[in-house]
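Text of the file upload_14.cif, holding mmCIF, C-alpha atoms:
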data_final
#
loop_
_atom_site.label_atom_id
_atom_site.label_comp_id
_atom_site.auth_asym_id
_atom_site.auth_seq_id
_atom_site.Cartn_x
_atom_site.Cartn_y
_atom_site.Cartn_z
CA MET A 1 -32.23 8.09 74.81
CA LYS A 2 -34.26 7.40 71.66
CA LYS A 3 -32.49 10.06 69.59
CA PRO A 4 -28.88 8.87 70.17
CA CYS A 5 -30.02 5.33 69.29
CA ILE A 6 -31.43 6.46 65.93
CA ILE A 7 -28.21 8.37 65.17
CA TYR A 8 -26.09 5.38 66.20
CA PHE A 9 -28.00 2.87 64.00
CA SER A 10 -28.14 5.31 61.09
CA ALA A 11 -24.37 5.71 61.27
CA ILE A 12 -23.88 1.94 61.28
CA ALA A 13 -26.22 1.58 58.27
CA ILE A 14 -24.36 4.28 56.30
CA VAL A 15 -20.96 2.71 57.07
CA ALA A 16 -22.32 -0.72 56.05
CA VAL A 17 -23.66 0.62 52.74
CA PHE A 18 -20.32 2.30 51.94
CA ALA A 19 -18.46 -0.86 52.95
CA ILE A 20 -20.60 -3.01 50.60
CA ARG A 21 -20.21 -0.48 47.78
CA ALA A 22 -16.45 -0.25 48.32
CA GLN A 23 -16.18 -4.06 48.12
CA ALA A 24 -18.18 -4.19 44.86
CA SER A 25 -16.31 -1.35 43.18
CA GLY A 26 -12.74 -2.27 44.28
CA ALA A 27 -10.15 -4.20 42.31
CA PRO A 28 -11.18 -7.74 41.31
CA PRO A 29 -9.59 -10.63 43.22
CA LEU A 30 -7.23 -11.41 40.35
CA SER A 31 -3.53 -12.07 40.43
CA LEU A 32 -1.42 -11.27 37.35
CA GLN A 33 2.00 -12.86 37.25
CA ILE A 34 4.72 -12.39 34.64
CA LEU A 35 6.51 -15.67 33.99
CA SER A 36 8.92 -14.41 31.34
CA SER A 37 12.04 -12.43 32.22
CA LYS A 38 11.61 -9.05 33.92
CA THR A 39 13.80 -7.49 31.23
CA LEU A 40 13.55 -8.47 27.56
CA SER A 41 16.21 -7.21 25.16
CA GLY A 42 16.53 -7.36 21.38
CA ILE A 43 17.11 -5.49 18.14
CA ALA A 44 14.37 -3.48 16.42
CA GLY A 45 12.50 -5.97 14.24
CA ASP A 46 12.86 -8.87 16.69
CA PHE A 47 9.87 -10.66 18.19
CA VAL A 48 9.69 -11.61 21.88
CA THR A 49 6.99 -13.35 23.87
CA VAL A 50 5.71 -11.99 27.13
CA GLU A 51 4.37 -14.91 29.16
CA GLY A 52 2.15 -14.53 32.16
CA GLN A 53 -0.74 -16.05 34.00
CA ILE A 54 -3.95 -14.82 35.57
CA THR A 55 -5.48 -16.39 38.66
CA ASN A 56 -8.85 -15.82 40.29
CA THR A 57 -7.87 -15.61 43.95
CA GLY A 58 -11.45 -15.05 45.10
CA SER A 59 -14.04 -17.56 46.26
CA LYS A 60 -16.52 -16.83 43.45
CA PRO A 61 -16.25 -17.04 39.65
CA LEU A 62 -15.46 -13.70 37.94
CA GLY A 63 -17.25 -12.76 34.72
CA ASP A 64 -16.30 -10.57 31.75
CA VAL A 65 -12.60 -10.61 32.50
CA THR A 66 -10.51 -8.74 29.93
CA THR A 67 -6.76 -8.31 29.88
CA TYR A 68 -4.84 -5.78 27.81
CA LEU A 69 -1.38 -4.31 27.41
CA SER A 70 -0.06 -0.89 28.29
CA LEU A 71 3.32 0.16 26.90
CA MET A 72 5.24 3.27 27.86
CA ASP A 73 8.26 4.85 26.18
CA ASN A 74 10.63 5.54 29.09
CA GLN A 75 12.76 8.05 27.19
CA ASN A 76 9.92 10.21 25.91
CA LYS A 77 7.69 9.55 28.94
CA LEU A 78 4.75 8.83 26.67
CA PRO A 79 2.43 5.88 26.15
CA VAL A 80 3.05 3.98 22.89
CA ASP A 81 0.38 3.09 20.34
CA LEU A 82 0.47 -0.71 20.14
CA GLU A 83 -0.52 -0.63 16.42
CA ASP A 84 2.66 -2.32 15.12
CA TRP A 85 3.91 -3.78 18.40
CA SER A 86 1.31 -6.45 18.98
CA VAL A 87 -1.35 -8.04 16.80
CA GLU A 88 -3.45 -8.70 19.89
CA LYS A 89 -3.84 -5.58 21.98
CA GLY A 90 -6.26 -7.27 24.38
CA LEU A 91 -7.45 -10.75 25.30
CA TYR A 92 -11.06 -11.34 26.31
CA ILE A 93 -11.05 -14.17 28.82
CA GLY A 94 -14.69 -14.27 29.92
CA THR A 95 -15.36 -16.11 33.14
CA ILE A 96 -12.65 -17.43 35.45
CA ASP A 97 -13.73 -19.89 38.09
CA ALA A 98 -12.64 -19.45 41.68
CA GLY A 99 -9.02 -20.52 42.05
CA GLN A 100 -8.60 -21.09 38.30
CA THR A 101 -5.32 -20.05 36.60
CA LEU A 102 -5.09 -19.31 32.88
CA PRO A 103 -1.99 -18.63 30.75
CA LEU A 104 -1.45 -15.29 28.98
CA ASN A 105 0.95 -15.05 26.04
CA TRP A 106 1.68 -11.94 24.01
CA LYS A 107 3.91 -11.88 20.95
CA ILE A 108 5.59 -8.46 20.86
CA HIS A 109 7.29 -6.97 17.82
CA PHE A 110 10.13 -4.59 18.70
CA VAL A 111 9.38 -1.69 16.37
CA LYS A 112 11.64 1.14 17.47
CA ALA A 113 14.85 1.41 19.46
CA GLY A 114 14.52 2.64 23.06
CA THR A 115 13.56 1.46 26.53
CA TYR A 116 9.95 0.67 27.31
CA SER A 117 7.81 -0.49 30.24
CA LEU A 118 5.04 -2.99 29.67
CA ILE A 119 2.29 -3.93 32.07
CA ILE A 120 -0.67 -6.27 31.70
CA ILE A 121 -3.96 -4.94 33.02
CA ALA A 122 -7.02 -6.99 33.91
CA GLU A 123 -10.59 -5.78 34.35
CA ALA A 124 -13.63 -7.66 35.53
CA ALA A 125 -17.32 -6.81 35.37
CA GLY A 126 -18.64 -4.94 38.39
CA ASN A 127 -15.26 -3.69 39.54
CA ASP A 128 -14.23 -0.07 39.17
CA LEU A 129 -10.53 -0.66 39.67
CA PRO A 130 -8.29 -2.72 37.38
CA GLN A 131 -5.61 -5.14 38.47
CA ALA A 132 -2.10 -4.61 37.07
CA SER A 133 0.90 -6.89 36.71
CA ALA A 134 4.53 -6.16 37.54
CA ILE A 135 6.47 -4.14 34.95
CA THR A 136 8.42 -5.85 32.16
CA GLN A 137 11.26 -3.74 30.79
CA PHE A 138 12.09 -3.77 27.07
CA ASN A 139 15.56 -2.74 25.90
CA VAL A 140 15.39 -2.36 22.13
CA SER A 141 18.65 -1.71 20.24
CA PRO A 142 18.60 0.03 16.83
CA LYS A 143 18.78 -2.06 13.67
CA ARG A 144 21.75 -1.23 11.46
CA ASN A 145 21.68 -2.93 8.09
CA LEU A 146 22.68 -1.04 4.97
CA ASN A 147 22.30 -3.88 2.52
CA PRO A 148 19.31 -6.05 3.37
CA GLY A 149 18.44 -8.49 0.65
CA GLN A 150 21.27 -7.18 -1.54
CA VAL A 151 19.25 -4.10 -2.41
CA LEU A 152 22.30 -1.86 -2.73
CA PRO A 153 23.73 -3.43 -5.94
CA VAL A 154 20.28 -3.23 -7.56
CA ALA A 155 19.53 0.30 -6.30
CA LEU A 156 22.87 1.60 -7.56
CA GLY A 157 23.44 -0.77 -10.48
CA THR A 158 20.18 -0.29 -12.40
CA PRO A 159 20.40 3.52 -12.86
CA ILE A 160 24.14 3.21 -13.67
CA LEU A 161 23.38 0.57 -16.31
CA LEU A 162 20.67 2.78 -17.82
CA ILE A 163 23.00 5.81 -17.88
CA PHE A 164 25.60 3.62 -19.65
CA ILE A 165 22.96 2.64 -22.25
CA LEU A 166 22.14 6.35 -22.71
CA PHE A 167 25.76 7.18 -23.44
CA LEU A 168 26.00 4.20 -25.77
CA LEU A 169 22.93 5.43 -27.68
CA ALA A 170 24.31 8.96 -27.89
CA TYR A 171 27.67 7.64 -29.14
CA ARG A 172 26.02 5.38 -31.72
CA ARG A 173 23.84 8.19 -32.97
CA LYS A 174 26.84 10.50 -33.30
CA ALA A 175 28.74 7.80 -35.17
CA GLU A 176 25.79 7.34 -37.57
CA GLU A 177 25.74 11.09 -38.28
CA MET B 1 1.30 -1.23 -41.92
CA PHE B 2 0.97 -0.17 -38.27
CA THR B 3 4.42 -1.66 -37.57
CA HIS B 4 5.93 1.13 -39.66
CA ILE B 5 4.39 3.80 -37.41
CA TRP B 6 5.22 1.77 -34.33
CA LYS B 7 8.92 1.43 -35.26
CA LYS B 8 9.12 5.13 -36.11
CA GLU B 9 7.63 6.07 -32.74
CA ILE B 10 9.85 3.65 -30.82
CA GLN B 11 12.90 5.17 -32.51
CA GLY B 12 11.71 8.62 -31.53
CA GLU B 13 10.84 7.62 -27.98
CA LEU B 14 13.59 5.28 -26.94
CA TYR B 15 16.52 5.88 -29.24
CA THR B 16 17.83 9.27 -28.10
CA TRP B 17 19.34 10.00 -24.69
CA LYS B 18 16.82 12.83 -24.18
CA SER B 19 13.91 10.46 -24.68
CA MET B 20 15.49 7.84 -22.37
CA LEU B 21 16.24 10.17 -19.47
CA TRP B 22 12.79 9.68 -17.93
CA LEU B 23 13.57 5.97 -17.68
CA VAL B 24 16.70 6.75 -15.65
CA ILE B 25 14.66 9.05 -13.40
CA ALA B 26 12.04 6.30 -12.98
CA SER B 27 14.79 3.81 -12.04
CA LEU B 28 16.25 6.32 -9.54
CA LEU B 29 12.78 6.61 -8.01
CA PHE B 30 12.51 2.81 -7.74
CA SER B 31 16.06 2.67 -6.28
CA PHE B 32 15.25 5.29 -3.68
CA THR B 33 11.94 3.64 -2.78
CA SER B 34 13.25 0.08 -2.49
CA TYR B 35 16.36 1.17 -0.56
CA LEU B 36 14.27 3.28 1.81
CA LEU B 37 11.70 0.52 2.33
CA LEU B 38 14.37 -2.06 3.14
CA THR B 39 16.76 0.05 5.23
CA ASN B 40 14.75 2.76 6.98
CA ALA B 41 14.60 1.92 10.69
CA GLU B 42 10.82 1.89 10.86
CA LEU B 43 9.75 1.17 7.26
CA SER B 44 11.96 -1.93 7.11
CA LEU B 45 9.98 -3.38 10.02
CA LEU B 46 6.82 -3.53 7.95
CA ASP B 47 5.87 -6.98 6.73
CA GLN B 48 7.81 -7.89 3.58
CA THR B 49 4.55 -8.33 1.70
CA GLU B 50 3.55 -4.76 2.58
CA LEU B 51 6.89 -3.49 1.25
CA MET B 52 6.24 -5.40 -1.99
CA TRP B 53 2.74 -3.96 -2.18
CA LEU B 54 4.07 -0.40 -1.76
CA LEU B 55 6.71 -0.96 -4.46
CA GLY B 56 4.10 -2.47 -6.80
CA LYS B 57 1.88 0.58 -6.33
CA ILE B 58 4.80 2.90 -7.09
CA VAL B 59 5.83 0.96 -10.24
CA ILE B 60 2.30 1.01 -11.65
CA GLY B 61 1.70 4.60 -10.49
CA VAL B 62 4.85 5.88 -12.22
CA ALA B 63 3.97 3.91 -15.36
CA LEU B 64 0.43 5.34 -15.45
CA LEU B 65 1.76 8.89 -15.11
CA ILE B 66 4.41 8.52 -17.81
CA VAL B 67 2.09 6.74 -20.22
CA THR B 68 -0.63 9.36 -19.63
CA ILE B 69 1.72 12.19 -20.61
CA ASP B 70 3.14 10.28 -23.58
CA ALA B 71 -0.23 9.11 -24.90
CA SER B 72 -1.62 12.64 -24.59
CA SER B 73 0.90 13.98 -27.06
CA ILE B 74 1.68 11.03 -29.32
CA LEU B 75 -1.39 11.49 -31.57
CA ASN B 76 -1.68 15.25 -31.17
CA THR B 77 1.86 16.00 -32.37
CA GLU B 78 0.80 14.66 -35.78
CA PHE B 79 -2.07 17.18 -35.85
CA GLU B 80 -0.08 20.07 -34.40
CA LYS B 81 2.91 19.55 -36.70
CA GLU B 82 0.43 19.05 -39.57
CA THR B 83 1.97 15.72 -40.50
CA ALA B 84 -1.30 13.85 -40.07
CA GLU B 85 -2.58 14.90 -43.50
CA SER B 86 0.42 13.48 -45.33
CA LEU B 87 0.16 10.33 -43.21
CA PHE B 88 -3.44 9.78 -44.26
CA LEU B 89 -2.60 10.50 -47.91
CA ALA B 90 -0.27 7.50 -47.71
CA PRO B 91 -2.11 4.17 -47.64
CA ILE B 92 -2.46 4.23 -43.89
CA SER B 93 -5.85 3.63 -42.33
CA ILE B 94 -6.98 5.26 -39.11
CA SER B 95 -6.81 1.87 -37.37
CA ASP B 96 -3.16 1.40 -38.48
CA PHE B 97 -2.41 4.92 -37.27
CA ILE B 98 -3.99 4.28 -33.85
CA LEU B 99 -2.56 0.77 -33.53
CA GLY B 100 0.99 1.96 -34.29
CA LYS B 101 0.73 4.72 -31.70
CA LEU B 102 -0.91 2.33 -29.21
CA PHE B 103 1.97 -0.14 -29.42
CA ALA B 104 4.47 2.72 -29.07
CA SER B 105 2.79 3.88 -25.83
CA LEU B 106 2.61 0.28 -24.59
CA ALA B 107 6.36 -0.01 -25.30
CA LEU B 108 6.93 2.69 -22.67
CA TRP B 109 5.03 0.62 -20.12
CA ALA B 110 7.07 -2.45 -21.17
CA ALA B 111 10.30 -0.44 -20.68
CA ILE B 112 9.22 0.66 -17.17
CA PHE B 113 8.21 -2.90 -16.30
CA ILE B 114 11.57 -4.29 -17.48
CA VAL B 115 13.43 -1.67 -15.41
CA SER B 116 11.31 -2.55 -12.35
CA ILE B 117 12.03 -6.32 -12.54
CA PRO B 118 15.31 -6.23 -10.50
CA TYR B 119 13.60 -4.13 -7.81
CA ILE B 120 10.62 -6.48 -7.69
CA LEU B 121 12.93 -9.48 -7.37
CA VAL B 122 15.14 -7.94 -4.68
CA THR B 123 12.19 -6.91 -2.50
CA SER B 124 10.66 -10.38 -2.94
CA THR B 125 13.85 -12.17 -1.81
CA GLY B 126 12.97 -14.85 0.72
CA SER B 127 9.25 -14.81 -0.01
CA HIS B 128 7.49 -17.27 -2.29
CA LEU B 129 5.64 -14.43 -4.03
CA ALA B 130 8.27 -13.18 -6.51
CA LEU B 131 6.64 -14.73 -9.58
CA ALA B 132 3.11 -13.80 -8.49
CA PHE B 133 4.32 -10.25 -7.81
CA LEU B 134 5.93 -9.99 -11.27
CA GLY B 135 2.95 -11.58 -13.00
CA TYR B 136 0.34 -9.40 -11.32
CA VAL B 137 2.29 -6.16 -11.81
CA ALA B 138 2.53 -7.09 -15.50
CA LEU B 139 -1.15 -8.06 -15.82
CA LEU B 140 -2.67 -5.24 -13.75
CA GLY B 141 -0.31 -2.64 -15.19
CA THR B 142 -1.07 -3.73 -18.76
CA LEU B 143 -4.84 -3.60 -18.20
CA GLY B 144 -4.65 -0.20 -16.48
CA VAL B 145 -2.29 1.29 -19.05
CA LEU B 146 -4.28 -0.13 -21.99
CA GLY B 147 -7.58 1.32 -20.76
CA LEU B 148 -5.96 4.67 -20.06
CA ILE B 149 -4.37 4.80 -23.54
CA PHE B 150 -7.73 3.99 -25.19
CA LEU B 151 -9.34 6.81 -23.17
CA ILE B 152 -6.59 9.33 -23.93
CA PHE B 153 -6.49 8.45 -27.64
CA GLY B 154 -10.26 8.94 -27.76
CA ILE B 155 -9.87 12.38 -26.15
CA SER B 156 -6.95 13.21 -28.48
CA LEU B 157 -9.05 12.51 -31.57
CA LEU B 158 -11.75 14.82 -30.22
CA TYR B 159 -9.45 17.63 -29.02
CA ARG B 160 -6.47 17.42 -31.42
CA SER B 161 -4.53 19.58 -28.97
CA SER B 162 -1.70 18.28 -26.75
CA LYS B 163 -2.20 20.91 -24.07
CA ASN B 164 -5.92 20.26 -23.62
CA THR B 165 -5.51 16.49 -23.83
CA ILE B 166 -2.69 16.43 -21.25
CA THR B 167 -4.71 18.64 -18.86
CA THR B 168 -7.84 16.50 -19.21
CA ALA B 169 -5.91 13.22 -18.97
CA LEU B 170 -4.00 14.30 -15.86
CA ILE B 171 -7.21 15.43 -14.17
CA ILE B 172 -8.81 12.07 -14.99
CA LEU B 173 -5.74 10.25 -13.64
CA LEU B 174 -5.88 12.35 -10.45
CA ALA B 175 -9.61 11.68 -10.11
CA PHE B 176 -8.89 7.94 -10.25
CA ALA B 177 -5.73 8.01 -8.13
CA THR B 178 -6.76 10.26 -5.23
CA PRO B 179 -9.64 8.14 -3.85
CA ALA B 180 -7.53 5.01 -4.39
CA LEU B 181 -5.01 6.38 -1.90
CA PHE B 182 -7.65 6.92 0.81
CA ALA B 183 -7.56 4.53 3.76
CA SER B 184 -10.17 1.77 3.63
CA ASN B 185 -12.02 3.19 6.67
CA LEU B 186 -12.85 6.27 4.57
CA LYS B 187 -14.69 4.07 2.07
CA ASN B 188 -17.46 2.82 4.30
CA ASP B 189 -20.41 4.54 2.65
CA ILE B 190 -22.20 3.22 -0.44
CA VAL B 191 -21.06 6.02 -2.78
CA SER B 192 -17.38 5.53 -1.92
CA GLN B 193 -17.70 1.76 -2.21
CA ALA B 194 -19.42 2.01 -5.60
CA PHE B 195 -16.78 4.41 -6.92
CA SER B 196 -14.04 2.23 -5.46
CA ALA B 197 -15.45 -0.86 -7.21
CA ALA B 198 -15.51 0.97 -10.56
CA ASN B 199 -12.23 2.87 -10.17
CA PRO B 200 -9.49 1.10 -12.18
CA ILE B 201 -6.62 2.33 -9.98
CA ASP B 202 -8.47 1.23 -6.85
CA ASN B 203 -8.94 -2.21 -8.41
CA ILE B 204 -5.24 -2.43 -9.33
CA PHE B 205 -4.14 -1.57 -5.78
CA SER B 206 -6.77 -3.82 -4.18
CA SER B 207 -5.78 -6.77 -6.36
CA LEU B 208 -2.09 -6.28 -5.49
CA ASP B 209 -3.11 -6.19 -1.82
CA ASN B 210 -5.16 -9.35 -2.30
CA VAL B 211 -2.22 -11.16 -3.91
CA LEU B 212 0.68 -9.91 -1.80
CA VAL B 213 -0.83 -9.29 1.63
CA ASP B 214 -3.66 -11.86 1.66
CA TYR B 215 -1.78 -14.48 -0.46
CA LYS B 216 -4.72 -14.93 -2.85
CA THR B 217 -2.64 -15.50 -5.93
CA SER B 218 -4.96 -17.27 -8.39
CA LEU B 219 -6.84 -15.37 -11.08
CA LEU B 220 -10.13 -16.78 -9.77
CA GLU B 221 -9.48 -15.19 -6.39
CA ASN B 222 -8.93 -11.82 -8.09
CA TRP B 223 -11.79 -11.81 -10.57
CA GLN B 224 -13.64 -9.09 -8.62
CA PHE B 225 -10.74 -6.73 -9.37
CA LEU B 226 -9.84 -7.99 -12.85
CA LEU B 227 -13.39 -7.85 -14.20
CA PRO B 228 -13.82 -4.07 -13.61
CA LEU B 229 -10.42 -3.51 -15.23
CA VAL B 230 -11.45 -5.51 -18.30
CA LEU B 231 -14.74 -3.59 -18.38
CA PHE B 232 -12.78 -0.32 -18.12
CA CYS B 233 -10.72 -1.38 -21.15
CA LEU B 234 -13.86 -2.35 -23.10
CA ILE B 235 -15.67 0.91 -22.29
CA THR B 236 -12.67 3.07 -23.15
CA PHE B 237 -12.15 1.04 -26.34
CA ALA B 238 -15.77 1.73 -27.30
CA PHE B 239 -15.15 5.44 -26.64
CA LEU B 240 -12.01 5.36 -28.81
CA PHE B 241 -13.94 3.52 -31.54
CA TRP B 242 -16.69 6.17 -31.50
CA SER B 243 -14.12 8.96 -31.44
CA ALA B 244 -12.22 7.43 -34.39
CA ARG B 245 -15.44 7.07 -36.44
CA ARG B 246 -16.28 10.71 -35.72
CA PHE B 247 -12.75 11.70 -36.70
CA GLU B 248 -13.03 9.75 -39.99
CA LYS B 249 -16.31 11.52 -40.82
CA LYS B 250 -15.08 15.00 -39.99
CA GLY B 251 -11.60 14.63 -41.47
CA VAL B 252 -8.26 16.01 -40.31
CA ILE B 253 -8.89 19.65 -41.20
CA LYS B 254 -12.29 20.10 -39.54
CA ASN B 255 -11.51 20.63 -35.92
CA ASP B 256 -14.21 22.27 -33.81
#
Once you've parsed the file, please lay out its structure as structure tokens.
Amino acid sequence: MKKPCIIYFSAIAIVAVFAIRAQASGAPPLSLQILSSKTLSGIAGDFVTVEGQITNTGSKPLGDVTTYLSLMDNQNKLPVDLEDWSVEKGLYIGTIDAGQTLPLNWKIHFVKAGTYSLIIIAEAAGNDLPQASAITQFNVSPKRNLNPGQVLPVALGTPILLIFILFLLAYRRKAEE
Amino acid sequence: MFTHIWKKEIQGELYTWKSMLWLVIASLLFSFTSYLLLTNAELSLLDQTELMWLLGKIVIGVALLIVTIDASSILNTEFEKETAESLFLAPISISDFILGKLFASLALWAAIFIVSIPYILVTSTGSHLALAFLGYVALLGTLGVLGLIFLIFGISLLYRSSKNTITTALIILLAFATPALFASNLKNDIVSQAFSAANPIDNIFSSLDNVLVDYKTSLLENWQFLLPLVLFCLITFAFLFWSARRFEKKGVIKND
């Protein structure tokens, strides 16, 4: 009778330890909501703002909360380096009190034409799993401008003017001879 | 008296179509660069100030290269064609000789700068930095070109050979230009930082960056870049002065 009791209590203890560990290492009780449109469209070079909010849905304050962006190129099926897309790749929030909601705003620069998926990810100290937002789709059209800032007249006109001066010099020199 | 030599050189350098062709090539290079920067799908998305900075670097870079090649041969042709002797028999002092050639080489820089003005203005359209951009390209380019000419003239008076002077001058230009093109994260150690602070081309590019990207347009905000450039000019002038004195003592014929 003694032996089955020891086995029974040991099993309960092991399950309890795993349960406590699983709770500590799971995703943090955070809710990430995207307030801006699910699909944002524009021309390469445009800026758009992705608006969202983060809420601590738990009963205790959460420390060391960090949010960051993840962008994927849907056509090439590759993650995109955010280098030119966003000045702020991540936002360190710190502590969020229980039930507190904070706004998240990201200014995004459409760099290259294509379709992209953006998600916001949040991490908190003591949690192994991150929390992710819903996907925002970007539809970026190519930029077609052959004469920005009137560069074409200058780019073509200056060498032509110089070639004209060259011919004028050659003609004058020949006339002098 | 130096104006006589200067005018003669200008006529030789800018009067014939052959001697002007490089200016057309330089303008084609500026055309290609500015058009590419403003129309290329990805390059045109860079900040306008970064486009201006890139164009400024190309204008000054092209000018330094052309002036280096010209200055390397402008004195030496007189020695190689053996016209230097007759020049010095005329009442022309060594300082008149050098000054005339110096102004002729500076005229090339002035010609490149004048050609670059439309490109500078068109890339600055819509920004408030057009005048600062023009002014700093003129100032930084003049200081860089002047120091380089002093250095090359000093070498020319020692070598009296176009081939050797051009080779040495181009190597020096490369030695200055290559580290200046390194990314800033490659200049974290003390040696790189010290060389970067003394390197004239690095100072030119950093000052342009300071003005165009960081909007620090006053001379006081750029003194840390201008001072090394002025020092570079003074040191190279001292070298030219020493080289000219040595040349005067040894004479035209004695060439070891």
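Distances from B:Ile172, B:Leu54, B:Leu229, B:Ala183 to B:Ile155 were compared using all atoms listed in the file, and the smallest one belongs to B:Ile172.
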Exercise for the section: With all atoms listed in the file counted, which protein, DNA or RNA residues have an atom no more than 6 Å from (-9.5, -11.1, 34.9) in the file frame? Please answer as JSON, numbers by chain. Expected result: {"A": [30, 65, 66, 122, 123, 124]}
Problem - Residue nearest B:Gly12 - candidates B:Leu170, B:Val59, B:Leu99, B:Ala107, atoms counted: all atoms listed in the file - result: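 Of all the options, B:Ala107 lies closest to B:Gly12.
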Given only C-alpha atoms, how would the per-residue table for chain A near chain B read, listing every residue at most 12 Å away with its closest atom pair and distance in Å to one decimal, sorted by chain and number, as JSON lines?
{"residue": "A:Ile43", "atom": "CA", "partner": "B:Ala41", "partner_atom": "CA", "distance": 10.8}
{"residue": "A:Ala44", "atom": "CA", "partner": "B:Leu45", "partner_atom": "CA", "distance": 7.8}
{"residue": "A:Gly45", "atom": "CA", "partner": "B:Leu45", "partner_atom": "CA", "distance": 5.6}
{"residue": "A:Asp46", "atom": "CA", "partner": "B:Leu45", "partner_atom": "CA", "distance": 9.1}
{"residue": "A:Phe47", "atom": "CA", "partner": "B:Leu45", "partner_atom": "CA", "distance": 10.9}
{"residue": "A:Glu83", "atom": "CA", "partner": "B:Leu46", "partner_atom": "CA", "distance": 11.6}
{"residue": "A:Asp84", "atom": "CA", "partner": "B:Leu46", "partner_atom": "CA", "distance": 8.4}
{"residue": "A:Trp85", "atom": "CA", "partner": "B:Leu45", "partner_atom": "CA", "distance": 10.4}
{"residue": "A:His109", "atom": "CA", "partner": "B:Leu45", "partner_atom": "CA", "distance": 9.0}
{"residue": "A:Phe110", "atom": "CA", "partner": "B:Leu45", "partner_atom": "CA", "distance": 8.8}
{"residue": "A:Val111", "atom": "CA", "partner": "B:Leu45", "partner_atom": "CA", "distance": 6.6}
{"residue": "A:Lys112", "atom": "CA", "partner": "B:Glu42", "partner_atom": "CA", "distance": 6.7}
{"residue": "A:Ala113", "atom": "CA", "partner": "B:Ala41", "partner_atom": "CA", "distance": 8.8}
{"residue": "A:Ser141", "atom": "CA", "partner": "B:Ala41", "partner_atom": "CA", "distance": 11.0}
{"residue": "A:Pro142", "atom": "CA", "partner": "B:Ala41", "partner_atom": "CA", "distance": 7.6}
{"residue": "A:Lys143", "atom": "CA", "partner": "B:Ala41", "partner_atom": "CA", "distance": 6.5}
{"residue": "A:Arg144", "atom": "CA", "partner": "B:Ala41", "partner_atom": "CA", "distance": 7.9}
{"residue": "A:Asn145", "atom": "CA", "partner": "B:Thr39", "partner_atom": "CA", "distance": 6.4}
{"residue": "A:Leu146", "atom": "CA", "partner": "B:Thr39", "partner_atom": "CA", "distance": 6.0}
{"residue": "A:Asn147", "atom": "CA", "partner": "B:Thr39", "partner_atom": "CA", "distance": 7.3}
{"residue": "A:Pro148", "atom": "CA", "partner": "B:Leu38", "partner_atom": "CA", "distance": 6.4}
{"residue": "A:Gly149", "atom": "CA", "partner": "B:Val122", "partner_atom": "CA", "distance": 6.3}
{"residue": "A:Gln150", "atom": "CA", "partner": "B:Val122", "partner_atom": "CA", "distance": 6.9}
{"residue": "A:Val151", "atom": "CA", "partner": "B:Val122", "partner_atom": "CA", "distance": 6.1}
{"residue": "A:Leu152", "atom": "CA", "partner": "B:Tyr35", "partner_atom": "CA", "distance": 7.0}
{"residue": "A:Pro153", "atom": "CA", "partner": "B:Val122", "partner_atom": "CA", "distance": 9.8}
{"residue": "A:Val154", "atom": "CA", "partner": "B:Pro118", "partner_atom": "CA", "distance": 6.5}
{"residue": "A:Ala155", "atom": "CA", "partner": "B:Ser31", "partner_atom": "CA", "distance": 4.2}
{"residue": "A:Leu156", "atom": "CA", "partner": "B:Ser31", "partner_atom": "CA", "distance": 7.0}
{"residue": "A:Gly157", "atom": "CA", "partner": "B:Ser31", "partner_atom": "CA", "distance": 9.2}
{"residue": "A:Thr158", "atom": "CA", "partner": "B:Ser27", "partner_atom": "CA", "distance": 6.8}
{"residue": "A:Pro159", "atom": "CA", "partner": "B:Val24", "partner_atom": "CA", "distance": 5.6}
{"residue": "A:Ile160", "atom": "CA", "partner": "B:Val24", "partner_atom": "CA", "distance": 8.5}
{"residue": "A:Leu161", "atom": "CA", "partner": "B:Val24", "partner_atom": "CA", "distance": 9.1}
{"residue": "A:Leu162", "atom": "CA", "partner": "B:Val24", "partner_atom": "CA", "distance": 6.0}
{"residue": "A:Ile163", "atom": "CA", "partner": "B:Val24", "partner_atom": "CA", "distance": 6.7}
{"residue": "A:Phe164", "atom": "CA", "partner": "B:Val24", "partner_atom": "CA", "distance": 10.2}
{"residue": "A:Ile165", "atom": "CA", "partner": "B:Trp17", "partner_atom": "CA", "distance": 8.6}
{"residue": "A:Leu166", "atom": "CA", "partner": "B:Trp17", "partner_atom": "CA", "distance": 5.0}
{"residue": "A:Phe167", "atom": "CA", "partner": "B:Trp17", "partner_atom": "CA", "distance": 7.1}
{"residue": "A:Leu168", "atom": "CA", "partner": "B:Trp17", "partner_atom": "CA", "distance": 8.9}
{"residue": "A:Leu169", "atom": "CA", "partner": "B:Thr16", "partner_atom": "CA", "distance": 6.4}
{"residue": "A:Ala170", "atom": "CA", "partner": "B:Trp17", "partner_atom": "CA", "distance": 6.0}
{"residue": "A:Tyr171", "atom": "CA", "partner": "B:Trp17", "partner_atom": "CA", "distance": 9.7}
{"residue": "A:Arg172", "atom": "CA", "partner": "B:Thr16", "partner_atom": "CA", "distance": 9.8}
{"residue": "A:Arg173", "atom": "CA", "partner": "B:Thr16", "partner_atom": "CA", "distance": 7.8}
{"residue": "A:Lys174", "atom": "CA", "partner": "B:Thr16", "partner_atom": "CA", "distance": 10.5}
Fill in the blank from the handout: Among B:Ala90, B:Ile60, B:Leu102, B:Ile112, B:Leu151 is approached most closely, using all atoms listed in the file, by B:Leu102
Handout entry: the PyMOL selection byres ((chain A and resi 37) around 12) applied to the shown file, residues as a list of chain:residue names
Key =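 Checked against the file, the PyMOL selection byres ((chain A and resi 37) around 12) matches A:Gln33, A:Ile34, A:Leu35, A:Ser36, A:Lys38, A:Thr39, A:Leu40, A:Ser41, A:Val48, A:Thr49, A:Val50, A:Glu51, A:Gly52, A:Ala134, A:Ile135, A:Thr136, A:Gln137, A:Phe138.
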